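Notes follow the structure.
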2 protein chains.
Amino acid sequence: MKLVNEMEHSEIVDTIRERVIESVSQNMYLYGVSPSIGRLYGTLFFNGKPMTLDDMKEELKMSKTSMSTSVRTLMELNMVERVWRKGIRKDLYEAQGDWYQIFTDFFSNQWRKVTAMNTKAVQQSLNELTQLMRNPELSETERELIQADMDKYRYIIDYYNWLNHLFDFLESDELFQIVKKKMDQGKSEPPADLGS
Amino acid sequence: MKLVNEMEHSEIVDTIRERVIESVSQNMYLYGVSPSIGRLYGTLFFNGKPMTLDDMKEELKMSKTSMSTSVRTLMELNMVERVWRKGIRKDLYEAQGDWYQIFTDFFSNQWRKVTAMNTKAVQQSLNELTQLMRNPELSETERELIQADMDKYRYIIDYYNWLNHLFDFLESDELFQIVKKKMDQGKSEPPADLGS
DNA sequence: TCGTTTATACAGTTCAAACTGTACAAACAG
DNA sequence: CTGTTTGTACAGTTTGAACTGTATAAACGA
């Protein structure tokens with residue numbers, strides 16, 4: 001009496017799939033999203049076909065409002081796209097399946113926003129200190145104190161500048177290829193042509 | 001009557017500094033830490049000298065317990081180090097000042113943990129489906145369904161593998177140098193030797 | 001040994017994020 | 001135009017994270 005026969009095959013596949021979805025979603029907090037939103041992305045990713053808000057609500061047993069807001073969040077992160085199918089009035093959503101693209105977009109959207117804002121604030125502060133340094137009444141110890149801060153501000157600006165160039169590199173597809181090449185080099189086999 | 005004279009110079013410097021700390025801390029949520037913890041890091045970074053829990057408590061007007069737990073969080077992220085000074089009984093903490101290192105460590109610590117756990121879960125699922133595919137009773141449509149999931153699992157494993165190689169690259173210092181070089185190329189001036 | 005100082009464990013409180021149900025607005029069918 | 005369907009704004013509730021004060025453990029000095 002094999003247990004496997006007592007359960008529908010599709011049920012087994014579903015159980016396995018849910019474990020993966022859970023795993024993916026639990027760790028999607030690195031993208032700054034809640035586990036529920038992660039689970040929604042996983043569901044969309046494995047469903048293959050686009051889903052309506054009602055499909056999601058049904059699948060995850062959650063409110064339609066939650067589905068609406070969650071899917072918006074995912075769209076802002078470029079992880080989900082709205083698609084159109086003729087004859088269907090409801091909005092349809094589909095998972096963006098290219099995880100390399102998602103990774104890249106994340107840095108472009110979130111990190112660049114941060115570096116831009118911070119650079120601006122630090123640059124502003126640097127200007128103000130430069131202005132202050134023109135004051136001839138400053139004692140030598142005061143000058144040194146201000147200089148220490150200015151050095152730090154310059155360091156921060158350099159750092160954010162470096163980050164932005166890293167993101168350029170990441171987006172350029174060049175980095176993708178270099179890492180791919182390094183993966184192949186890591187293998188012990190010579191790069192024999194084994195067909196696509 | 002110049003306003004600048006009505007305020008101590010050090011006060012002005014402090015005000016400017018606080019703006020920068022606020023800016024840095026507000027955006028440190030990308031590392032998954034709360035604004036308060038970010039502010040603590042910023043305070044330590046600009047203070048230069050190591051601080052005790054009581055110093056921090058005084059500076060940020062928060063409870064000593066918060067300082068204790070926050071500083072632990074920062075240490076786990078390799079953003080703060082405990083240091084020793086002879087003659088001082090209290091624990092001293094100092095900001096890790098190398099932001100490139102912090103960036104790199106973040107991926108090593110957080111992202112690698114995630115990729116390792118997920119890869120394991122997905123590999124397990126892949127094995128189970130492989131096992132299931134041996135069942136001769138499966139219909140053709142069932143096989144196709146399972147195959148679709150298996151393809152996705154393989155894709156995920158490839159992706160995490162690629163990420164890990166990217167992190168290797170990042171840690172190797174090689175990527176750091178390449179991006180540095182690209183920054184210089186971006187400048188319009190030829191690479192004339194302008195001294196250190 | 002005892003008294004003192006410092007860091008943290010723990011329980012309680014506060015506050016913000018996540019989620020739900022309802023009520024409304026926009027789009028469409030007739 | 002009226003009735004229907006779909007998505008979202010909003011208010012209320014629940015849950016968990018952040019923070020505090022107190023109590024305790026660990027380290028040290030005498």
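Residue numbering restarts at 1 for every chain of the structure tokens, chains are lettered A, B, ... in their displayed order, and ligands are numbered from 1 as they appear.
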For chain D, list the residues within 8 Å of chain A, counting only C-alpha atoms (C1' of nucleotides), and write the list as a PDB file with N, CA, C and O atoms (P, O5', C5', C4', C3', O3' and C1' of nucleotides), in the first residue's frame.
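Result written to part.pdb:
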```
ATOM      1  P    DT D   6     -16.525  41.244 -12.424  1.00  0.00           P
ATOM      2  O5'  DT D   6     -15.489  42.389 -12.029  1.00  0.00           O
ATOM      3  C5'  DT D   6     -14.918  43.213 -13.061  1.00  0.00           C
ATOM      4  C4'  DT D   6     -14.157  44.343 -12.399  1.00  0.00           C
ATOM      5  C3'  DT D   6     -13.149  43.901 -11.352  1.00  0.00           C
ATOM      6  O3'  DT D   6     -11.866  44.305 -11.762  1.00  0.00           O
ATOM      7  C1'  DT D   6     -14.463  45.734 -10.598  1.00  0.00           C
ATOM      8  P    DG D   7     -10.553  44.006 -10.926  1.00  0.00           P
ATOM      9  O5'  DG D   7     -10.281  45.394 -10.217  1.00  0.00           O
ATOM     10  C5'  DG D   7      -9.948  46.519 -11.031  1.00  0.00           C
ATOM     11  C4'  DG D   7      -9.793  47.754 -10.174  1.00  0.00           C
ATOM     12  C3'  DG D   7      -8.732  47.657  -9.074  1.00  0.00           C
ATOM     13  O3'  DG D   7      -7.984  48.860  -9.090  1.00  0.00           O
ATOM     14  C1'  DG D   7     -10.839  48.200  -8.113  1.00  0.00           C
ATOM     15  P    DT D   8      -6.753  49.064  -8.128  1.00  0.00           P
ATOM     16  O5'  DT D   8      -7.346  50.013  -7.003  1.00  0.00           O
ATOM     17  C5'  DT D   8      -7.875  51.269  -7.407  1.00  0.00           C
ATOM     18  C4'  DT D   8      -8.481  51.984  -6.222  1.00  0.00           C
ATOM     19  C3'  DT D   8      -7.573  52.119  -4.998  1.00  0.00           C
ATOM     20  O3'  DT D   8      -7.820  53.393  -4.452  1.00  0.00           O
ATOM     21  C1'  DT D   8      -9.571  51.162  -4.348  1.00  0.00           C
TER      22       DT D   8
END
```
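Of the residues in stretch 38-193 of chain A, those given strand (DSSP E) by DSSP on the backbone are Val80, Glu81, Arg82, Val83, Leu92, Tyr93, Glu94 and Ala95 of chain A.
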Would you write out those residues with N, CA and C atoms, as a PDB file, in the first residue's frame?
```pdb
ATOM      1  N   VAL A  80       6.066  42.517 -10.842  1.00  0.00           N
ATOM      2  CA  VAL A  80       4.798  42.050 -11.411  1.00  0.00           C
ATOM      3  C   VAL A  80       4.378  43.036 -12.489  1.00  0.00           C
ATOM      4  N   GLU A  81       3.747  42.513 -13.526  1.00  0.00           N
ATOM      5  CA  GLU A  81       3.262  43.375 -14.608  1.00  0.00           C
ATOM      6  C   GLU A  81       1.780  43.157 -14.847  1.00  0.00           C
ATOM      7  N   ARG A  82       1.118  44.230 -15.217  1.00  0.00           N
ATOM      8  CA  ARG A  82      -0.286  44.105 -15.589  1.00  0.00           C
ATOM      9  C   ARG A  82      -0.337  43.721 -17.064  1.00  0.00           C
ATOM     10  N   VAL A  83      -1.172  42.732 -17.375  1.00  0.00           N
ATOM     11  CA  VAL A  83      -1.278  42.299 -18.770  1.00  0.00           C
ATOM     12  C   VAL A  83      -2.738  42.336 -19.218  1.00  0.00           C
ATOM     13  N   LEU A  92      -5.505  41.766 -15.082  1.00  0.00           N
ATOM     14  CA  LEU A  92      -4.699  40.550 -14.969  1.00  0.00           C
ATOM     15  C   LEU A  92      -3.260  40.900 -14.606  1.00  0.00           C
ATOM     16  N   TYR A  93      -2.697  40.119 -13.713  1.00  0.00           N
ATOM     17  CA  TYR A  93      -1.316  40.376 -13.285  1.00  0.00           C
ATOM     18  C   TYR A  93      -0.463  39.134 -13.470  1.00  0.00           C
ATOM     19  N   GLU A  94       0.775  39.379 -13.873  1.00  0.00           N
ATOM     20  CA  GLU A  94       1.682  38.292 -14.180  1.00  0.00           C
ATOM     21  C   GLU A  94       3.025  38.567 -13.511  1.00  0.00           C
ATOM     22  N   ALA A  95       3.662  37.514 -12.998  1.00  0.00           N
ATOM     23  CA  ALA A  95       4.961  37.686 -12.357  1.00  0.00           C
ATOM     24  C   ALA A  95       6.034  37.967 -13.388  1.00  0.00           C
TER      25      ALA A  95
END
```
Env of stretch 19-29 of chain D: 10 Å cut, atoms = only C-alpha atoms (C1' of nucleotides), seq-sep filter 2 positions within chain, self excluded. Answer as a CSV table (one decimal) with N, CA, C and O atoms (P, O5', C5', C4', C3', O3' and C1' of nucleotides), in the first residue's frame.
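Written out: part.csv:
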```csv
chain,number,residue,atom,x,y,z
B,62,MET,N,18.2,58.2,24.9
B,62,MET,CA,17.4,56.9,24.9
B,62,MET,C,17.8,56.0,26.0
B,62,MET,O,18.8,56.3,26.7
B,63,SER,N,17.1,55.0,26.2
B,63,SER,CA,17.4,54.1,27.4
B,63,SER,C,18.7,53.3,27.1
B,63,SER,O,19.1,53.1,26.0
B,64,LYS,N,19.3,52.9,28.2
B,64,LYS,CA,20.6,52.2,28.1
B,64,LYS,C,20.3,50.8,27.4
B,64,LYS,O,21.1,50.3,26.7
B,65,THR,N,19.2,50.2,27.8
B,65,THR,CA,18.8,49.0,27.2
B,65,THR,C,18.7,49.0,25.7
B,65,THR,O,19.2,48.1,25.0
B,66,SER,N,18.1,50.1,25.2
B,66,SER,CA,18.1,50.2,23.7
B,66,SER,C,19.4,50.3,23.1
B,66,SER,O,19.7,49.7,22.1
B,89,ARG,N,36.8,50.6,32.3
B,89,ARG,CA,36.1,49.3,32.6
B,89,ARG,C,34.9,49.1,31.7
B,89,ARG,O,34.5,48.0,31.3
C,3,DG,P,27.8,44.4,52.1
C,3,DG,O5',28.3,45.4,51.1
C,3,DG,C5',29.5,46.3,51.5
C,3,DG,C4',29.9,47.1,50.3
C,3,DG,C3',28.7,47.8,49.6
C,3,DG,O3',29.2,49.1,49.2
C,3,DG,C1',29.8,46.3,48.0
C,4,DT,P,28.3,50.1,48.4
C,4,DT,O5',28.9,50.0,46.9
C,4,DT,C5',30.3,50.2,46.7
C,4,DT,C4',30.6,50.1,45.2
C,4,DT,C3',29.6,50.8,44.3
C,4,DT,O3',30.3,51.6,43.4
C,4,DT,C1',29.9,48.6,43.6
C,5,DT,P,29.6,52.7,42.5
C,5,DT,O5',29.9,52.2,41.0
C,5,DT,C5',31.2,51.7,40.7
C,5,DT,C4',31.1,50.8,39.5
C,5,DT,C3',30.2,51.3,38.3
C,5,DT,O3',31.0,51.4,37.1
C,5,DT,C1',29.7,49.1,38.8
C,6,DT,P,30.5,52.1,35.9
C,6,DT,O5',30.0,50.9,34.9
C,6,DT,C5',30.9,50.0,34.5
C,6,DT,C4',30.2,48.8,33.8
C,6,DT,C3',29.2,49.2,32.7
C,6,DT,O3',29.6,48.6,31.5
C,6,DT,C1',28.2,47.7,34.2
C,7,DA,P,28.9,48.8,30.1
C,7,DA,O5',28.1,47.5,30.0
C,7,DA,C5',28.8,46.3,29.8
C,7,DA,C4',27.8,45.1,29.8
C,7,DA,C3',26.7,45.2,28.7
C,7,DA,O3',26.7,43.9,28.0
C,7,DA,C1',25.7,45.0,30.8
C,8,DT,P,25.8,43.6,26.8
C,8,DT,O5',24.5,42.9,27.5
C,8,DT,C5',24.7,41.7,28.1
C,8,DT,C4',23.4,41.2,28.8
C,8,DT,C3',22.2,41.1,27.8
C,8,DT,O3',21.5,40.0,28.2
C,8,DT,C1',21.6,42.4,29.7
C,9,DA,P,20.8,39.0,27.1
C,9,DA,O5',19.8,38.2,28.0
C,9,DA,C5',20.1,38.0,29.4
C,9,DA,C4',18.8,37.8,30.2
C,9,DA,C3',17.6,37.4,29.4
C,9,DA,O3',16.8,36.5,30.2
C,9,DA,C1',17.2,39.5,30.4
C,10,DC,P,15.4,35.9,29.6
C,10,DC,O5',14.3,36.9,30.2
C,10,DC,C5',14.4,37.3,31.6
C,10,DC,C4',13.2,38.2,31.9
C,10,DC,C3',12.0,37.9,31.1
C,10,DC,O3',10.8,37.9,32.0
C,10,DC,C1',12.5,40.2,31.0
C,11,DA,P,9.4,37.4,31.5
C,11,DA,O5',8.4,38.5,32.0
C,11,DA,C5',8.7,39.3,33.2
C,11,DA,C4',7.9,40.6,33.2
C,11,DA,C3',6.6,40.5,32.5
C,11,DA,O3',5.6,41.3,33.2
C,11,DA,C1',7.9,42.1,31.4
C,12,DG,P,4.1,41.4,32.8
C,12,DG,O5',4.1,43.0,32.3
C,12,DG,C5',4.6,44.0,33.2
C,12,DG,C4',4.6,45.3,32.5
C,12,DG,C3',3.2,45.6,31.7
C,12,DG,O3',2.8,46.9,32.0
C,12,DG,C1',5.0,45.8,30.2
C,13,DT,P,1.5,47.5,31.3
C,13,DT,O5',2.1,48.5,30.2
C,13,DT,C5',3.0,49.5,30.6
C,13,DT,C4',3.4,50.4,29.4
C,13,DT,C3',2.2,50.8,28.6
C,13,DT,O3',2.3,52.2,28.4
C,13,DT,C1',3.7,49.7,27.2
C,14,DT,P,1.2,53.0,27.6
C,14,DT,O5',2.0,53.5,26.2
C,14,DT,C5',3.4,53.7,26.2
C,14,DT,C4',3.8,53.8,24.8
C,14,DT,C3',2.8,54.4,23.8
C,14,DT,O3',3.5,55.3,23.0
C,14,DT,C1',3.4,52.3,23.0
C,15,DC,P,2.8,56.3,22.0
C,15,DC,O5',3.1,55.7,20.6
C,15,DC,C5',4.5,55.4,20.2
C,15,DC,C4',4.5,54.5,19.0
C,15,DC,C3',3.5,55.1,17.9
C,15,DC,O3',4.2,55.0,16.6
C,15,DC,C1',3.1,52.8,18.3
D,17,DA,P,8.1,41.1,14.8
D,17,DA,O5',8.9,42.5,14.6
D,17,DA,C5',8.4,43.5,13.8
D,17,DA,C4',8.7,44.9,14.4
D,17,DA,C3',10.1,44.9,15.1
D,17,DA,O3',10.7,46.2,14.7
D,17,DA,C1',8.3,45.6,16.6
```
Query - Interface residues on chain C facing chain A, 9 Å, only C-alpha atoms (C1' of nucleotides), written as number ranges by chain - result: C: 18-21, 28
With all heavy atoms kept, could you save the residues just selected as a short mmCIF file (atom, residue, chain, number, x, y, z; two decimals), in the first residue's frame?
```cif
data_model
loop_
_atom_site.label_atom_id
_atom_site.label_comp_id
_atom_site.auth_asym_id
_atom_site.auth_seq_id
_atom_site.Cartn_x
_atom_site.Cartn_y
_atom_site.Cartn_z
P DA C 18 3.79 46.47 6.40
OP1 DA C 18 4.88 45.65 5.82
OP2 DA C 18 3.22 47.61 5.65
"O5'" DA C 18 2.60 45.49 6.79
"C5'" DA C 18 2.82 44.50 7.78
"C4'" DA C 18 1.55 43.71 7.98
"O4'" DA C 18 0.60 44.49 8.75
"C3'" DA C 18 0.83 43.34 6.68
"O3'" DA C 18 0.38 42.00 6.78
"C2'" DA C 18 -0.32 44.34 6.60
"C1'" DA C 18 -0.64 44.55 8.08
N9 DA C 18 -1.24 45.84 8.42
C8 DA C 18 -0.90 47.07 7.95
N7 DA C 18 -1.61 48.06 8.46
C5 DA C 18 -2.48 47.41 9.34
C6 DA C 18 -3.50 47.90 10.20
N6 DA C 18 -3.81 49.18 10.31
N1 DA C 18 -4.17 46.99 10.94
C2 DA C 18 -3.84 45.69 10.82
N3 DA C 18 -2.91 45.13 10.05
C4 DA C 18 -2.26 46.06 9.33
P DC C 19 -0.19 41.24 5.51
OP1 DC C 19 0.27 39.83 5.58
OP2 DC C 19 0.10 42.07 4.32
"O5'" DC C 19 -1.76 41.26 5.77
"C5'" DC C 19 -2.27 40.69 6.98
"C4'" DC C 19 -3.67 41.18 7.23
"O4'" DC C 19 -3.65 42.60 7.51
"C3'" DC C 19 -4.62 41.03 6.03
"O3'" DC C 19 -5.52 39.95 6.28
"C2'" DC C 19 -5.36 42.37 5.96
"C1'" DC C 19 -4.96 43.07 7.25
N1 DC C 19 -4.90 44.56 7.15
C2 DC C 19 -5.77 45.32 7.94
O2 DC C 19 -6.58 44.73 8.67
N3 DC C 19 -5.73 46.67 7.86
C4 DC C 19 -4.85 47.27 7.06
N4 DC C 19 -4.83 48.59 7.02
C5 DC C 19 -3.94 46.50 6.25
C6 DC C 19 -4.00 45.17 6.33
P DT C 20 -6.69 39.65 5.19
OP1 DT C 20 -6.95 38.19 5.26
OP2 DT C 20 -6.36 40.28 3.90
"O5'" DT C 20 -7.93 40.41 5.82
"C5'" DT C 20 -8.29 40.19 7.19
"C4'" DT C 20 -9.56 40.97 7.52
"O4'" DT C 20 -9.22 42.37 7.63
"C3'" DT C 20 -10.65 40.84 6.47
"O3'" DT C 20 -11.85 40.38 7.07
"C2'" DT C 20 -10.80 42.24 5.90
"C1'" DT C 20 -10.19 43.14 6.97
N1 DT C 20 -9.50 44.34 6.43
C2 DT C 20 -9.90 45.59 6.85
O2 DT C 20 -10.81 45.78 7.63
N3 DT C 20 -9.18 46.63 6.30
C4 DT C 20 -8.12 46.53 5.40
O4 DT C 20 -7.56 47.52 4.97
C5 DT C 20 -7.77 45.18 5.00
C7 DT C 20 -6.65 44.97 4.03
C6 DT C 20 -8.46 44.17 5.53
P DG C 21 -13.14 40.02 6.14
OP1 DG C 21 -13.83 38.89 6.79
OP2 DG C 21 -12.67 39.91 4.74
"O5'" DG C 21 -14.05 41.32 6.25
"C5'" DG C 21 -14.28 41.92 7.53
"C4'" DG C 21 -15.23 43.11 7.39
"O4'" DG C 21 -14.48 44.27 6.96
"C3'" DG C 21 -16.35 42.92 6.35
"O3'" DG C 21 -17.54 43.50 6.87
"C2'" DG C 21 -15.82 43.66 5.12
"C1'" DG C 21 -14.96 44.76 5.73
N9 DG C 21 -13.77 45.12 4.94
C8 DG C 21 -12.97 44.29 4.21
N7 DG C 21 -11.97 44.89 3.64
C5 DG C 21 -12.11 46.22 4.02
C6 DG C 21 -11.31 47.35 3.70
O6 DG C 21 -10.29 47.39 3.01
N1 DG C 21 -11.80 48.51 4.30
C2 DG C 21 -12.92 48.56 5.10
N2 DG C 21 -13.23 49.77 5.58
N3 DG C 21 -13.67 47.52 5.40
C4 DG C 21 -13.21 46.38 4.83
P DC C 28 -14.14 50.74 -20.04
OP1 DC C 28 -13.02 49.93 -20.55
OP2 DC C 28 -14.37 52.11 -20.56
"O5'" DC C 28 -15.47 49.91 -20.21
"C5'" DC C 28 -15.54 48.63 -19.60
"C4'" DC C 28 -16.98 48.22 -19.43
"O4'" DC C 28 -17.65 49.13 -18.53
"C3'" DC C 28 -17.82 48.23 -20.71
"O3'" DC C 28 -18.01 46.87 -21.11
"C2'" DC C 28 -19.12 48.93 -20.32
"C1'" DC C 28 -19.03 48.99 -18.80
N1 DC C 28 -19.77 50.12 -18.16
C2 DC C 28 -20.88 49.82 -17.37
O2 DC C 28 -21.24 48.64 -17.23
N3 DC C 28 -21.56 50.83 -16.77
C4 DC C 28 -21.15 52.11 -16.94
N4 DC C 28 -21.85 53.07 -16.33
C5 DC C 28 -20.01 52.42 -17.73
C6 DC C 28 -19.35 51.41 -18.32
#
```
(message) Can you pull out the residues contacting A:Leu60? Cut-off 9 Å, using only C-alpha atoms (C1' of nucleotides), and skip same-chain residues under 4 positions away; I want them as a ChimeraX atom specification.
(response) /A:39-40,43,55-56
Next, dump the selected residues to file, keeping only N, CA, C and O atoms, as a tab-separated table (two decimals), in the first residue's frame.
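Okay, this is what ended up in out_22.tsv:
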```tsv
chain	number	residue	atom	x	y	z
A	39	ARG	N	4.80	35.83	-0.60
A	39	ARG	CA	4.01	34.65	-0.94
A	39	ARG	C	3.16	34.91	-2.19
A	39	ARG	O	3.01	34.03	-3.05
A	40	LEU	N	2.64	36.12	-2.29
A	40	LEU	CA	1.85	36.47	-3.47
A	40	LEU	C	2.73	36.40	-4.72
A	40	LEU	O	2.32	35.83	-5.74
A	43	THR	N	3.31	32.82	-5.64
A	43	THR	CA	2.11	32.22	-6.22
A	43	THR	C	1.97	32.61	-7.69
A	43	THR	O	1.70	31.76	-8.54
A	55	ASP	N	-8.70	35.67	-8.23
A	55	ASP	CA	-7.91	34.43	-8.21
A	55	ASP	C	-6.97	34.42	-7.01
A	55	ASP	O	-6.88	33.43	-6.27
A	56	MET	N	-6.28	35.52	-6.83
A	56	MET	CA	-5.30	35.61	-5.73
A	56	MET	C	-5.98	35.49	-4.38
A	56	MET	O	-5.54	34.74	-3.51
```
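Near chain A, within 7 Å and using only C-alpha atoms, the residues of chain B are Ile16, Val20, Ser23, Val24, Asn27, Val114, Asn118, Ala121, Val122, Ser125, Trp162, His165, Leu166, Val179, Lys180 and Met183 of chain B.
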Residues from last step as file, N, CA, C and O atoms, as an mmCIF file, in the first residue's frame:
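For reference, part-v8.cif as written:
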```cif
data_model
loop_
_atom_site.group_PDB
_atom_site.id
_atom_site.type_symbol
_atom_site.label_atom_id
_atom_site.label_comp_id
_atom_site.auth_asym_id
_atom_site.auth_seq_id
_atom_site.Cartn_x
_atom_site.Cartn_y
_atom_site.Cartn_z
ATOM 1 N N ILE B 16 24.733 70.873 11.363
ATOM 2 C CA ILE B 16 24.995 70.341 10.028
ATOM 3 C C ILE B 16 25.213 68.833 10.097
ATOM 4 O O ILE B 16 24.671 68.063 9.308
ATOM 5 N N VAL B 20 23.166 65.361 8.384
ATOM 6 C CA VAL B 20 23.783 64.251 7.657
ATOM 7 C C VAL B 20 23.462 62.912 8.327
ATOM 8 O O VAL B 20 23.090 61.945 7.664
ATOM 9 N N SER B 23 20.029 61.901 7.534
ATOM 10 C CA SER B 23 19.939 61.444 6.154
ATOM 11 C C SER B 23 20.477 60.025 6.000
ATOM 12 O O SER B 23 19.850 59.163 5.372
ATOM 13 N N VAL B 24 21.634 59.784 6.585
ATOM 14 C CA VAL B 24 22.233 58.457 6.505
ATOM 15 C C VAL B 24 21.338 57.424 7.183
ATOM 16 O O VAL B 24 21.073 56.348 6.637
ATOM 17 N N ASN B 27 17.986 56.298 5.592
ATOM 18 C CA ASN B 27 18.096 55.442 4.415
ATOM 19 C C ASN B 27 18.804 54.125 4.707
ATOM 20 O O ASN B 27 18.982 53.308 3.818
ATOM 21 N N VAL B 114 20.562 33.694 2.894
ATOM 22 C CA VAL B 114 19.314 33.471 2.157
ATOM 23 C C VAL B 114 19.513 32.506 0.991
ATOM 24 O O VAL B 114 18.754 31.550 0.830
ATOM 25 N N ASN B 118 17.620 28.863 0.673
ATOM 26 C CA ASN B 118 16.682 28.648 -0.426
ATOM 27 C C ASN B 118 17.160 27.561 -1.371
ATOM 28 O O ASN B 118 16.365 26.731 -1.819
ATOM 29 N N ALA B 121 16.301 24.230 0.068
ATOM 30 C CA ALA B 121 14.876 23.901 -0.016
ATOM 31 C C ALA B 121 14.484 23.536 -1.442
ATOM 32 O O ALA B 121 13.756 22.564 -1.670
ATOM 33 N N VAL B 122 14.971 24.301 -2.400
ATOM 34 C CA VAL B 122 14.581 24.071 -3.790
ATOM 35 C C VAL B 122 15.208 22.772 -4.301
ATOM 36 O O VAL B 122 14.560 22.002 -5.006
ATOM 37 N N SER B 125 13.177 19.940 -3.122
ATOM 38 C CA SER B 125 11.947 19.816 -3.893
ATOM 39 C C SER B 125 12.218 19.205 -5.263
ATOM 40 O O SER B 125 11.434 18.388 -5.757
ATOM 41 N N TRP B 162 24.476 31.970 -9.498
ATOM 42 C CA TRP B 162 25.040 33.172 -10.108
ATOM 43 C C TRP B 162 25.282 34.245 -9.056
ATOM 44 O O TRP B 162 26.351 34.874 -9.008
ATOM 45 N N HIS B 165 28.354 33.671 -7.008
ATOM 46 C CA HIS B 165 29.580 34.019 -7.728
ATOM 47 C C HIS B 165 29.776 35.534 -7.776
ATOM 48 O O HIS B 165 30.901 36.027 -7.720
ATOM 49 N N LEU B 166 28.663 36.243 -7.884
ATOM 50 C CA LEU B 166 28.754 37.705 -7.846
ATOM 51 C C LEU B 166 29.330 38.158 -6.505
ATOM 52 O O LEU B 166 30.192 39.035 -6.442
ATOM 53 N N VAL B 179 35.449 48.840 -10.920
ATOM 54 C CA VAL B 179 34.517 49.976 -10.855
ATOM 55 C C VAL B 179 35.291 51.279 -10.669
ATOM 56 O O VAL B 179 34.961 52.306 -11.277
ATOM 57 N N LYS B 180 36.326 51.233 -9.835
ATOM 58 C CA LYS B 180 37.194 52.414 -9.660
ATOM 59 C C LYS B 180 37.732 52.883 -11.010
ATOM 60 O O LYS B 180 37.709 54.073 -11.326
ATOM 61 N N MET B 183 35.232 54.590 -13.054
ATOM 62 C CA MET B 183 34.968 55.954 -12.592
ATOM 63 C C MET B 183 35.950 56.923 -13.242
ATOM 64 O O MET B 183 35.565 57.997 -13.697
#
```
*May I have all residues of chain B that DSSP, computed from the backbone, assigns to helix (DSSP H, G or I), given as a ChimeraX atom specification?*
/B:3-6,9-26,28-31,35-47,53-60,64-76,99-133,140-171,174-186
